[in-house]
Number of protein chains: 2
Amino acid sequence: MRIRSAVWLFLLPTIAVSLALDGGQGIKASAPLASWRDNDAKKAITEYVLRVTDEKSPDFVPAPERIAVFDNDGTLWPENPMPFQLAFALDELKRRLPEEPAWKDDAMVQAALEGDLPTLLADHYKGLFHIFALTGSGMTTVEFAVRVRNWLATAKHPRFHRPYDQLAYQPMLELLQYLRDNGFKTFIVSGGGADFMRVFSERVYGIPPEQVVGSNARTVYELRDDGPVLVKTLDHLFVDDGPGKPVGIHQFIGRRPIACFGNSDGDLQMLEYTTIDNTRPSLGVIIHHTDAEREYAYDAKPKSSGKLVTALADAPKRGWIVVDMKNDWAEVFTP
Amino acid sequence: MRIRSAVWLFLLPTIAVSLALDGGQGIKASAPLASWRDNDAKKAITEYVLRVTDEKSPDFVPAPERIAVFDNDGTLWPENPMPFQLAFALDELKRRLPEEPAWKDDAMVQAALEGDLPTLLADHYKGLFHIFALTGSGMTTVEFAVRVRNWLATAKHPRFHRPYDQLAYQPMLELLQYLRDNGFKTFIVSGGGADFMRVFSERVYGIPPEQVVGSNARTVYELRDDGPVLVKTLDHLFVDDGPGKPVGIHQFIGRRPIACFGNSDGDLQMLEYTTIDNTRPSLGVIIHHTDAEREYAYDAKPKSSGKLVTALADAPKRGWIVVDMKNDWAEVFTP
């Protein structure tokens with residue numbers, strides 16, 4: 001008996017390690033998406049993952065090709081009452097106003113300070129880009145990251161009264177982990193600024209900076225007395241939204257994803273790029289904001305980042321899964 | 001005795017697995033760089049790796065920050081008698097000439113076909129970029145990849161009489177593997193085209209497409225009858241060379257590397273960015289082409305990709321390790 005126990009003790013770590021190595025299919029897989037109700041959406045996702053990770057399945061996809069892309073605003077965390085990066089930019093305007101006297105004569109700065117979103121969004125978001133330019137260029141990448149970090153440490157969401165980085169959707173955090181446990185490499189592909197998201201993506205989502213694709217512009221390299229720096233400019237601005245998303249995916253990832261998660265028409269083209277005529281079995285998922293009580297309810301909002309009309313209409317013919325937040329999620333935020 | 005053997009059998013896989021998990025330090029580490037002679041360069045590299053991977057060391061670097069960047073041409077494979085991507089472009093010109101009658105009146109095409117490199121390289125490589133434009137844009141990303149794949153399957157290096165993708169330096173392949181075994185994430189950061197390198201990087205170097213940073217231009221997304229495509233253009237061309245390399249590193253990786261490997265002044269700025277005033281212990285390595293017999297000997301070649309003057313002069317004050325290919329490498333190519 002004593003000897004048998006010893007054998008068992010040696011065997012145990014082997015089992016544990018092999019479970020970890022095979023991507024957690026086994027013990028871990030018994031409750032991988034605890035905050036998801038056992039509805040069709042969860043079933044479709046888990047059935048897909050089992051199918052592409054089963055070596056005996058004709059639909060098996062080798063691990064290096066298991067690329068999953070996630071929109072951020074409205075998919076991994078809320079985008080109301082405004083995209084969180086815009087909230088950061090507005091707070092930055094207020095914070096820096098005393099040291100930037102020229103801003104007092106800037107019509108778009110005034111519109112921003114007055115919360116006049118229609119003016120900022122008019123003419124293809126001209127005012128918005130101007131605000132992002134004022135608050136997101138002209139400093140080094142390190143200085144910008146410090147500002148974002150300070151803001152995350154102090155600002156709070158007006159409705160939920162939590163720091164913004166504590167508002168990631170709990171079911172999506174579980175989904176990211178579940179996919180990684182099954183050998184997927186998870187990427188953010190968002191219209192948000194890459195430099196903004198990379199400050200918190202690893203800590204909040206477990207997604208390292210090199211797997212964050214976002215809007216970006218070219219920096220300029222300088223070797224200064226106190227070391228090398230990259231200065232943020234707005235040259236060659238790339239807006240990673242709409243048809244820009246497959247462009248960004250190709251530029252940064254270099255192969256087609258097999259799984260794509262979005263929530264708006266800004267994700268339409270990356271859903272297409274992931275699922276239409278892919279040589280691999282693919283999965284397209286739309287997060288539909290249906291829960292006014294716990295979060296927000298909308299789909300045809302009159303602004304690009306939130307509008308979900310075409311993608312929702314295309315979902316049945318494309319085979320995209322629509323997640324009904326109200327009915328399909330037992331929890332929205334981490335309790 | 002019988003029981004002891006059984007225990008040993010159960011123990012064995014546990015040891016093997018834990019060795020694999022801890023990055024191969026242990027049995028594997030006894031001969032990790034077999035084609036490197038036991039000279040100073042090898043010692044400096046292995047001592048650095050032991051230092052940053054030892055949890056008890058004050059210089060320990062957590063695995064996610066172990067980013068290692070490698071130049072490609074002249075660092076991972078040769079760049080003589082010309083960069084291999086240029087050889088591809090010239091072969092493509094010849095192959096497509098019959099179907100492109102307008103090329104007959106193109107002075108740069110004629111210069112290329114006559115092997116007139118000085119004309120192609122004049123005026124900031126104007127002719128060269130024109131040739132890359134003719135052979136690397138106007139088709140879909142998939143079509144381009146097929147062309148590169150076909151070329152690699154048929155073309156041979158004029159001196160070594162091997163397919164180009166069988167000319168990766170054996171010591172560098174071992175170094176890539178050694179770093180990955182020690183928890184490093186290996187990236188290519190090259191002036192070569194990302195779309196070109198991504199065709200073979202995973203197969204040849206074990207570096208997946210999403211870890212290849214290279215020169216690139218914006219694609220255009222189209223949903224065609226036979227599926228979604230990305231059409232290659234030359235808009236927003238980004239040349240990932242010289243001061244462009246830290247820019248590319250920030251844009252694609254989003255954090256500073258701790259180890260950098262290059263061979264020319266085109267790598268000067270990424271060596272600086274990696275090693276000067278880095279908060280982490282860092283490693284800069286220059287591959288010096290000193291072996292005319294087995295490969296090529298040069299450092300002050302009068303063209304950007306091969307010229308090694310400033311970086312070599314800066315090496316002592318920066319603490320960069322200079323690898324002498326002739327003396328430090330027991331093998332150059334895979335036998």
# chains A, B, ... in the order shown; residues from 1 in each chain; ligands from 1
call {"tool": "interface_residues", "arguments": {"of": "chain B", "to": "chain A", "cutoff": "9 Å", "atoms": "only C-alpha atoms", "output": "MDAnalysis selection string"}}
result
chainID B and resid 3 6:8 10:11 13:14 17:18 64 141 194:195 198 208:213 216:223 226:230 236 243:248 250:255 269 272:274 276:278
call {"tool": "write_last_selection", "arguments": {"atoms": "N, CA and C atoms", "output": "compact mmCIF listing (two decimals), in the first residue's frame"}}
result
# COMPACT_ATOMS: atom_id res chain seq x y z
N ILE B 3 10.09 -2.82 -7.75
CA ILE B 3 9.25 -1.67 -7.43
C ILE B 3 9.99 -0.35 -7.69
N ALA B 6 9.89 0.54 -11.22
CA ALA B 6 8.59 1.08 -11.63
C ALA B 6 8.49 2.56 -11.25
N VAL B 7 8.96 2.88 -10.05
CA VAL B 7 8.93 4.27 -9.60
C VAL B 7 9.75 5.14 -10.56
N TRP B 8 10.89 4.64 -10.91
CA TRP B 8 11.80 5.35 -11.81
C TRP B 8 11.14 5.63 -13.17
N PHE B 10 8.00 5.97 -13.71
CA PHE B 10 6.98 7.03 -13.59
C PHE B 10 7.63 8.40 -13.43
N LEU B 11 8.79 8.36 -12.80
CA LEU B 11 9.48 9.61 -12.54
C LEU B 11 10.03 10.21 -13.83
N PRO B 13 9.13 10.48 -17.09
CA PRO B 13 8.40 11.47 -17.91
C PRO B 13 8.25 12.81 -17.19
N THR B 14 8.13 12.74 -15.85
CA THR B 14 8.00 13.99 -15.09
C THR B 14 9.24 14.85 -15.28
N VAL B 17 9.34 16.20 -18.87
CA VAL B 17 8.37 17.28 -19.09
C VAL B 17 8.82 18.56 -18.40
N SER B 18 9.32 18.43 -17.15
CA SER B 18 9.69 19.66 -16.45
C SER B 18 10.91 20.29 -17.11
N PRO B 64 7.66 37.09 -20.38
CA PRO B 64 7.00 37.91 -21.41
C PRO B 64 7.86 39.06 -21.93
N THR B 141 -2.40 39.24 -51.82
CA THR B 141 -1.37 38.71 -50.93
C THR B 141 -1.19 37.20 -51.14
N ALA B 194 7.92 42.06 -45.47
CA ALA B 194 7.25 41.14 -44.55
C ALA B 194 6.55 40.03 -45.33
N ASP B 195 5.86 40.40 -46.41
CA ASP B 195 5.11 39.39 -47.17
C ASP B 195 6.04 38.36 -47.80
N ARG B 198 7.48 36.10 -44.68
CA ARG B 198 6.49 35.28 -43.99
C ARG B 198 6.17 33.98 -44.72
N PRO B 208 6.90 32.37 -36.49
CA PRO B 208 5.59 32.46 -37.16
C PRO B 208 5.40 33.84 -37.80
N PRO B 209 4.51 33.94 -38.80
CA PRO B 209 4.31 35.20 -39.53
C PRO B 209 4.07 36.40 -38.63
N GLU B 210 3.34 36.18 -37.53
CA GLU B 210 3.00 37.31 -36.65
C GLU B 210 4.22 37.80 -35.86
N GLN B 211 5.36 37.14 -35.99
CA GLN B 211 6.58 37.63 -35.35
C GLN B 211 7.62 38.07 -36.39
N VAL B 212 7.13 38.40 -37.58
CA VAL B 212 7.99 38.92 -38.63
C VAL B 212 7.66 40.39 -38.86
N VAL B 213 8.60 41.27 -38.55
CA VAL B 213 8.46 42.71 -38.81
C VAL B 213 9.35 43.01 -40.01
N ASN B 216 6.87 47.09 -45.44
CA ASN B 216 5.50 46.76 -45.85
C ASN B 216 4.82 47.98 -46.41
N ALA B 217 3.71 47.75 -47.09
CA ALA B 217 2.88 48.85 -47.57
C ALA B 217 1.44 48.41 -47.34
N ARG B 218 0.53 49.35 -47.46
CA ARG B 218 -0.84 49.06 -47.11
C ARG B 218 -1.53 48.23 -48.19
N THR B 219 -2.34 47.29 -47.79
CA THR B 219 -3.15 46.52 -48.74
C THR B 219 -4.55 47.13 -48.78
N VAL B 220 -5.32 46.69 -49.76
CA VAL B 220 -6.72 47.15 -49.88
C VAL B 220 -7.62 45.92 -49.82
N TYR B 221 -8.64 46.00 -48.95
CA TYR B 221 -9.56 44.89 -48.77
C TYR B 221 -10.65 44.90 -49.83
N GLU B 222 -10.94 43.73 -50.40
CA GLU B 222 -12.06 43.59 -51.35
C GLU B 222 -12.77 42.28 -51.07
N LEU B 223 -14.10 42.33 -51.07
CA LEU B 223 -14.87 41.09 -50.99
C LEU B 223 -15.29 40.72 -52.41
N ASP B 226 -15.29 35.28 -55.34
CA ASP B 226 -14.66 34.05 -54.84
C ASP B 226 -14.01 34.24 -53.46
N GLY B 227 -14.48 35.25 -52.74
CA GLY B 227 -14.01 35.39 -51.36
C GLY B 227 -13.26 36.68 -51.11
N PRO B 228 -12.92 36.93 -49.83
CA PRO B 228 -12.22 38.18 -49.47
C PRO B 228 -10.75 38.13 -49.87
N VAL B 229 -10.23 39.23 -50.37
CA VAL B 229 -8.81 39.31 -50.74
C VAL B 229 -8.24 40.63 -50.24
N LEU B 230 -6.91 40.66 -50.16
CA LEU B 230 -6.18 41.89 -49.88
C LEU B 230 -5.25 42.13 -51.06
N HIS B 236 1.73 54.15 -48.52
CA HIS B 236 2.25 54.18 -47.15
C HIS B 236 3.39 53.19 -46.97
N PRO B 243 16.89 53.82 -38.84
CA PRO B 243 16.02 54.35 -37.78
C PRO B 243 14.59 53.82 -37.87
N GLY B 244 14.24 53.22 -39.02
CA GLY B 244 12.91 52.59 -39.16
C GLY B 244 12.78 51.34 -38.30
N LYS B 245 13.90 50.72 -37.93
CA LYS B 245 13.78 49.47 -37.17
C LYS B 245 13.20 49.65 -35.76
N PRO B 246 13.69 50.63 -34.96
CA PRO B 246 12.99 50.83 -33.68
C PRO B 246 11.54 51.26 -33.88
N VAL B 247 11.28 52.01 -34.96
CA VAL B 247 9.90 52.41 -35.26
C VAL B 247 9.04 51.17 -35.52
N GLY B 248 9.56 50.26 -36.33
CA GLY B 248 8.85 49.01 -36.61
C GLY B 248 8.68 48.16 -35.36
N HIS B 250 8.47 49.20 -32.26
CA HIS B 250 7.40 49.77 -31.42
C HIS B 250 6.03 49.50 -32.03
N GLN B 251 5.93 49.69 -33.34
CA GLN B 251 4.62 49.54 -33.99
C GLN B 251 4.11 48.10 -33.91
N PHE B 252 4.99 47.14 -34.09
CA PHE B 252 4.55 45.75 -34.18
C PHE B 252 4.67 44.99 -32.87
N ILE B 253 5.68 45.29 -32.08
CA ILE B 253 5.92 44.51 -30.86
C ILE B 253 5.44 45.28 -29.63
N GLY B 254 5.65 46.60 -29.64
CA GLY B 254 5.09 47.43 -28.57
C GLY B 254 5.88 47.41 -27.27
N ARG B 255 7.02 46.78 -27.25
CA ARG B 255 7.90 46.95 -26.09
C ARG B 255 9.35 46.77 -26.52
N GLN B 269 20.44 51.42 -35.19
CA GLN B 269 19.45 52.03 -34.30
C GLN B 269 18.69 50.99 -33.48
N GLU B 272 20.96 50.18 -30.66
CA GLU B 272 20.87 51.25 -29.66
C GLU B 272 19.59 51.13 -28.84
N TYR B 273 18.48 50.97 -29.54
CA TYR B 273 17.17 50.93 -28.87
C TYR B 273 17.08 49.76 -27.88
N THR B 274 17.76 48.68 -28.23
CA THR B 274 17.73 47.50 -27.36
C THR B 274 18.63 47.67 -26.14
N ILE B 276 20.75 50.68 -25.03
CA ILE B 276 21.12 51.92 -24.32
C ILE B 276 20.04 52.30 -23.32
N ASP B 277 20.44 52.43 -22.06
CA ASP B 277 19.51 52.83 -21.00
C ASP B 277 18.26 51.96 -20.94
N ASN B 278 18.43 50.68 -21.23
CA ASN B 278 17.31 49.76 -21.06
C ASN B 278 17.19 49.45 -19.57
call {"tool": "residues_around", "arguments": {"residues": "Gly74 of chain A", "least_positions_apart": "4", "cutoff": "8 Å", "atoms": "only C-alpha atoms", "output": "JSON, numbers by chain"}}
result
{"A": [78, 79, 262, 263, 264, 287, 306]}
call {"tool": "select_by_dssp", "arguments": {"residues": "segment 26-178 of chain B", "states": "alpha helix (DSSP H)", "output": "PyMOL selection string"}}
result
chain B and resi 40-53+84-96+107-113+117-136+141-154+170-178
call {"tool": "closest_residue", "arguments": {"among": "B:Pro335, B:Gly206, B:Pro171, B:Pro316", "to": "Trp77 of chain B", "atoms": "only C-alpha atoms"}}
result
B:Pro171
call {"tool": "closest_atom_pairs", "arguments": {"of": "segment 69-134 of chain A", "to": "segment 178-193 of chain A", "cutoff": "6 Å", "atoms": "only C-alpha atoms", "output": "CSV"}}
result
residue,atom,partner,partner_atom,distance
A:Val69,CA,A:Phe187,CA,4.8
A:Phe70,CA,A:Ile188,CA,4.7
A:Asp71,CA,A:Ser190,CA,4.8
A:Asn72,CA,A:Ser190,CA,5.5
call {"tool": "residues_around", "arguments": {"residues": "Ala34 of chain B", "least_positions_apart": "5", "cutoff": "12 Å", "atoms": "only C-alpha atoms", "output": "list in words"}}
result
Lys28, Ala29, Lys42, Gln170, Pro171, Met172, Leu173, Glu174, Leu175, Gln177, Tyr178, Asp328, Trp329, Ala330, Glu331, Val332 and Thr334 of chain B
call {"tool": "residues_around", "arguments": {"residues": "segment 154-165 of chain A", "least_positions_apart": "3", "cutoff": "8 Å", "atoms": "only C-alpha atoms", "output": "PyMOL selection string"}}
result
chain A and resi 84+150-151+168+200+204
call {"tool": "write_last_selection", "arguments": {"atoms": "C-alpha atoms", "output": "PDB file, in the first residue's frame"}}
result
ATOM      1  CA  PHE A  84     -13.082  54.803 -23.053  1.00  0.00           C
ATOM      2  CA  ASN A 150      -2.113  57.517 -14.424  1.00  0.00           C
ATOM      3  CA  TRP A 151      -5.565  58.003 -15.924  1.00  0.00           C
ATOM      4  CA  ALA A 168     -13.825  44.009 -18.917  1.00  0.00           C
ATOM      5  CA  PHE A 200      -3.360  47.438 -19.978  1.00  0.00           C
ATOM      6  CA  VAL A 204      -6.439  42.950 -18.025  1.00  0.00           C
TER       7      VAL A 204
END
call {"tool": "decode", "arguments": {"residues": "segment 312-332 of chain B", "atoms": "N, CA and C atoms", "output": "JSON list (two decimals), in the first residue's frame"}}
result
[["chain", "number", "residue", "atom", "x", "y", "z"],
["B", 312, "LEU", "N", 30.15, 48.78, -35.99],
["B", 312, "LEU", "CA", 31.38, 48.09, -35.59],
["B", 312, "LEU", "C", 32.25, 49.00, -34.73],
["B", 313, "ALA", "N", 32.32, 50.28, -35.12],
["B", 313, "ALA", "CA", 33.12, 51.24, -34.34],
["B", 313, "ALA", "C", 32.49, 51.49, -32.97],
["B", 314, "ASP", "N", 31.15, 51.47, -32.90],
["B", 314, "ASP", "CA", 30.46, 51.73, -31.63],
["B", 314, "ASP", "C", 30.49, 50.52, -30.69],
["B", 315, "ALA", "N", 30.75, 49.33, -31.24],
["B", 315, "ALA", "CA", 30.60, 48.09, -30.47],
["B", 315, "ALA", "C", 31.32, 48.12, -29.11],
["B", 316, "PRO", "N", 32.60, 48.53, -29.06],
["B", 316, "PRO", "CA", 33.28, 48.48, -27.75],
["B", 316, "PRO", "C", 32.61, 49.36, -26.70],
["B", 317, "LYS", "N", 32.27, 50.62, -27.07],
["B", 317, "LYS", "CA", 31.69, 51.51, -26.06],
["B", 317, "LYS", "C", 30.27, 51.10, -25.68],
["B", 318, "ARG", "N", 29.57, 50.42, -26.58],
["B", 318, "ARG", "CA", 28.20, 49.99, -26.28],
["B", 318, "ARG", "C", 28.16, 48.62, -25.62],
["B", 319, "GLY", "N", 29.29, 47.91, -25.62],
["B", 319, "GLY", "CA", 29.29, 46.55, -25.06],
["B", 319, "GLY", "C", 28.67, 45.52, -25.99],
["B", 320, "TRP", "N", 28.60, 45.82, -27.29],
["B", 320, "TRP", "CA", 28.04, 44.86, -28.23],
["B", 320, "TRP", "C", 29.06, 43.78, -28.54],
["B", 321, "ILE", "N", 28.61, 42.56, -28.65],
["B", 321, "ILE", "CA", 29.47, 41.42, -28.93],
["B", 321, "ILE", "C", 29.62, 41.29, -30.44],
["B", 322, "VAL", "N", 30.86, 41.16, -30.90],
["B", 322, "VAL", "CA", 31.08, 40.98, -32.33],
["B", 322, "VAL", "C", 31.43, 39.51, -32.60],
["B", 323, "VAL", "N", 30.57, 38.87, -33.39],
["B", 323, "VAL", "CA", 30.80, 37.47, -33.75],
["B", 323, "VAL", "C", 31.65, 37.43, -35.01],
["B", 324, "ASP", "N", 32.80, 36.81, -34.92],
["B", 324, "ASP", "CA", 33.71, 36.64, -36.06],
["B", 324, "ASP", "C", 33.35, 35.32, -36.73],
["B", 325, "MET", "N", 32.65, 35.40, -37.85],
["B", 325, "MET", "CA", 32.10, 34.18, -38.46],
["B", 325, "MET", "C", 33.17, 33.12, -38.72],
["B", 326, "LYS", "N", 34.34, 33.58, -39.16],
["B", 326, "LYS", "CA", 35.40, 32.63, -39.50],
["B", 326, "LYS", "C", 35.90, 31.87, -38.27],
["B", 327, "ASN", "N", 36.08, 32.60, -37.17],
["B", 327, "ASN", "CA", 36.66, 31.96, -35.99],
["B", 327, "ASN", "C", 35.63, 31.43, -35.00],
["B", 328, "ASP", "N", 34.45, 32.04, -34.98],
["B", 328, "ASP", "CA", 33.48, 31.68, -33.93],
["B", 328, "ASP", "C", 32.48, 30.61, -34.36],
["B", 329, "TRP", "N", 32.39, 30.36, -35.65],
["B", 329, "TRP", "CA", 31.43, 29.37, -36.12],
["B", 329, "TRP", "C", 32.15, 28.12, -36.66],
["B", 330, "ALA", "N", 31.85, 26.96, -36.08],
["B", 330, "ALA", "CA", 32.44, 25.71, -36.57],
["B", 330, "ALA", "C", 31.80, 25.30, -37.90],
["B", 331, "GLU", "N", 30.52, 25.59, -38.04],
["B", 331, "GLU", "CA", 29.80, 25.36, -39.30],
["B", 331, "GLU", "C", 29.16, 26.68, -39.70],
["B", 332, "VAL", "N", 28.99, 26.92, -40.99],
["B", 332, "VAL", "CA", 28.23, 28.09, -41.43],
["B", 332, "VAL", "C", 26.82, 27.65, -41.86]]
